[in-house]
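This report concerns only the one structure given below.
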Amino acid sequence: MSEFEAALREALRRRAGDPGGRSMPLGTKRRVRRRQLVTGGAGAAIAVVAILLTTVILAGLPRGARTGPAAGTSSAPFGSLPRTWPTIVAGDPADAYVPPADQTVVGGKHVLYSGTVAKADFSFVGYLVDDGGTGQGPCLDFTGPSARAEEGPSVSVCAYAPVVEPVPTGADLDLAGAGSSAILGIEANFGFVSARVRTLRVELSDGSASDVPILPAPDGWIGIRPFLFFPPARLSGTVVALSDDGTELARAPMCVNEGVSGGCHVPVRQLVSIALVWPEVRPGADGTPYVDHEEGEQVVGEKIPVLHGEVETPFTGGPVAYSLVVWQSAGGEFTAGEVVDVFEGYRFGEAPFDAVGGGSKDPLSHLPADALSKPVVLFEASRLEGENGESLLTLAGLVTTDVARLEMRAGGEVRDVALVADPLTEDHRLFVSFPPLDPAGEVSGTLVALDANGSEVWSTEIGSLLPPPS
Amino acid sequence: MAEPKAGELAELYQRHVGRAAALARLLTADDQAAEDLAHEAFIRCVSRFAHLRRPDAFDAYLRRTVVNLCRSRFRRARVEREWLRRQDRREQVERPAFDPDVRDQIWRAVERLPWRQRAAVALRYYEDLSVAQIGEVLGCSDRAAEALVARALVTLREAIQEEG
């Protein structure tokens, strides 16, 4: 080592400080307990992406009056609304009123938007609640409008009970309102939409229609996003939630100011049933398959990537990388023979598979003696759940030469499962599949193997393979 | 392997978090942020303890998580700095004046290194990792890791010469 390198080492050691042992603070113990990660079956593991979306939202907003819009024009993201709508000017989130949090609030309350509407002050706050029982999920507080937000009514709504049809498990839309007798004509309409809502449209009694902004989901909100708007005074209307293809998913009557201070919570008409959601699988999207090397492995030749890519659903909270690698073991930690390595994991960095590894390595020699006499052998059936409700189901296995096609049948749909050649043998092919699940995490459907004549040679109920949601 | 019990957790914490925080200090140059990131990394790793491929390699997983979290923070900070720069140039932070101490000179130069070079230097000269291990943590090949360290040394030497 050169003198310069020695100086560099010393500089780093001095800057890093004393890494000596320390006892765990109480807060960290609580956070450890709260962070639950459940894996079922032969199980792989997932990590949870913790991206401070709230910070991003706020960073993207104008700050205070110095960056406010021109007179009569609202701040982003409300700037595209007609000028006949109340003018919204964003304020500094640091100055916003935040209602007190009780002990059930997890991670504090975060300002989603604040400022003035028609020159009256308001704040819009989001947070997560966990009361230790069934009361778990996102909530919103709207406070105002008033000369000072905290002097106005404060209305809270949550996406779980006591809402009759919570978003996203029972409905695609939940709508609440808040108004004040002191600020006539102004009524905040706010609430939640599910992940499959692309557009939120307000149809007014004057015959006009406008799309109102849906705000990005704060950290920890999976499959659900908040919205807020202030309709023009003296008009009634209907709020319509639309899907990607313009299908009307749900409708609700808009809340209007009736000269009384307080909240409004309207019934929602769900127009399209809450259906199974099929994961979007992007083969090869990940770029690089996960190939690790552990002590004690005796690999003959090289490990061979067979499949890799990304899978995502509204309930995974982000893309999940997956890969399937095979290798020949000469013994050691894994008994001699073929080993199949299935990996799944959330990425939180820019490098390929920048995630703490999870997954399983399955020596095929460990399979029961009669396993390969069946057309399909599953060596992974897992339900992965993160602390914020992230959920992903995975089935992986092999099919023998008796099988020509493998199908997943669920919710009235039939989808092929890709079968990939195993470079180590012609006796079987491999697959990784991700069954659909509904917003409550329930799964139903059948995995069916067909021979070259299209006859069913094997099938199994997917639900029976996977543990129920926690 | 089962999830760690309370006593094991405390032992894991005592054994690993100090060093994780030290590494985070090198990567972020922000003591408070480093503490937060080290704790976050610890919590993430502990929650996956039962699922780690090699539970005995907790320190390696923790180190990698620290690096990943610091990298995410670095990217966010870069965006925030750009935003602030556009909004108000007066908010630019002035760099400290020349300091004759060589170690301080080196540290300032380290702070200015591109993220991956800084991480490679910290892992090589603080964590004493091999280039293969650095490559594993940073998600690149051995050769790329070696090149990162080499480039960082050249950059540091040039920076010291310029300042000196």
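For the structure tokens, the naming scheme is as follows: chains receive sequential letters (A, B, ...) according to their order of presentation, residues are indexed from 1 within each chain, and ligands are indexed from 1 in presentation order.
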Task: Distance filter 6 Å, only C-alpha atoms, chain B against chain A, as a ChimeraX atom specification - done: /B:14-15,18-19,22,25-26,43,51-52,68,103,125,139
- [ ] With a distance cut-off of 9 Å and only C-alpha atoms, select the neighbouring residues of A:Gly246, excluding the residue or stretch itself and same-chain residues fewer than 4 positions from it, and output the selection as number ranges by chain.
- [x] A: 198-199, 241-242
Keeping N, CA and C atoms, export the residues of the selection given above as a PDB file, in the first residue's frame.
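Result written to part.pdb:
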```
ATOM      1  N   ARG A 198     -57.530   5.652 -13.791  1.00  0.00           N
ATOM      2  CA  ARG A 198     -56.610   6.501 -14.532  1.00  0.00           C
ATOM      3  C   ARG A 198     -57.057   7.960 -14.493  1.00  0.00           C
ATOM      4  N   THR A 199     -58.379   8.160 -14.555  1.00  0.00           N
ATOM      5  CA  THR A 199     -58.916   9.528 -14.656  1.00  0.00           C
ATOM      6  C   THR A 199     -60.028   9.718 -13.645  1.00  0.00           C
ATOM      7  N   ALA A 241     -65.009   7.827 -11.706  1.00  0.00           N
ATOM      8  CA  ALA A 241     -63.671   7.216 -11.783  1.00  0.00           C
ATOM      9  C   ALA A 241     -63.604   6.356 -13.041  1.00  0.00           C
ATOM     10  N   LEU A 242     -62.584   6.617 -13.868  1.00  0.00           N
ATOM     11  CA  LEU A 242     -62.457   5.923 -15.158  1.00  0.00           C
ATOM     12  C   LEU A 242     -61.166   5.113 -15.195  1.00  0.00           C
TER      13      LEU A 242
END
```
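Nearest-residue note for A:Tyr322: choosing from A:Ser205, A:Thr460, A:Ser75, A:Ser433, the minimum distance belongs to A:Ser433, counting only C-alpha atoms.
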Open item on the list: What's around B:Asp59 at 8 Å? Count only C-alpha atoms, leave out sequence neighbours fewer than 3 positions away in its own chain, and write the answer as a PyMOL selection string.
Closed with: chain B and resi 16+62-63
How about saving the chosen residues, N, CA and C atoms kept, as a PDB file, in the first residue's frame?
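Output below, filename selection04.pdb:
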```pdb
ATOM      1  N   HIS B  16     -23.133  -4.826  14.860  1.00  0.00           N
ATOM      2  CA  HIS B  16     -23.047  -4.380  13.464  1.00  0.00           C
ATOM      3  C   HIS B  16     -23.399  -2.920  13.204  1.00  0.00           C
ATOM      4  N   LEU B  62     -26.092  -6.293   5.547  1.00  0.00           N
ATOM      5  CA  LEU B  62     -26.250  -4.954   6.126  1.00  0.00           C
ATOM      6  C   LEU B  62     -25.403  -3.945   5.357  1.00  0.00           C
ATOM      7  N   ARG B  63     -24.175  -4.335   5.039  1.00  0.00           N
ATOM      8  CA  ARG B  63     -23.278  -3.434   4.308  1.00  0.00           C
ATOM      9  C   ARG B  63     -23.892  -3.078   2.948  1.00  0.00           C
TER      10      ARG B  63
END
```
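Taking only C-alpha atoms, the non-local environment of A:Leu406 within 10 Å (same-chain residues fewer than 5 positions away omitted) comprises A:Val376, A:Val399, A:Arg415, A:Asp416, A:Val417, A:Ala418, A:Leu419, A:Phe431, A:Leu447, A:Val448, A:Ala449, A:Leu450, A:Asp451, A:Glu456, A:Trp458, A:Ser459.
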Open item on the list: Here is a test: counting only C-alpha atoms, which residue of B:Glu136, B:Leu23, B:Ala34, B:Ala60 is nearest to B:Ala119?
Closed with: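 Answer, going by the shortest atom-to-atom distance: B:Leu23.
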Task: A:Val167 surroundings by only C-alpha atoms, 12 Å radius, close-in-sequence under 6 positions cut, as a PyMOL selection string - done: chain A and resi 137-139+157-161+173-175+191-197+221-226+250+268+270+274+439-440
Open item on the list: Just checking: using only C-alpha atoms, which residue out of A:Ile186, A:Ala452, A:Leu112, A:Leu367 ends up closest to A:Gly259?
Closed with: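 Looking at the shortest contact to A:Gly259, the residue is A:Ile186.
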TODO: Would you mind reading off the distance between atom CA of B:Ala159 and atom CA of B:Glu35, one decimal, in Å?
DONE: 28.6 Å
Task: Minimum-distance residue to B:Gly135, chosen among B:Ala21, B:Ile160, B:Leu12, B:Arg64 (using only C-alpha atoms) - done: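 So, comparing all the options, the nearest one is B:Arg64.
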TODO: Mind giving me the straight-line distance from atom CA of B:Val110 to atom CA of B:Leu27 in Å, one decimal?
DONE: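 It comes out at 9.3 Å.
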Open item on the list: If I take atom CA of A:Val311 and atom CA of A:Pro436, how far is one from the other in Å, to one decimal?
Closed with: 11.6 Å
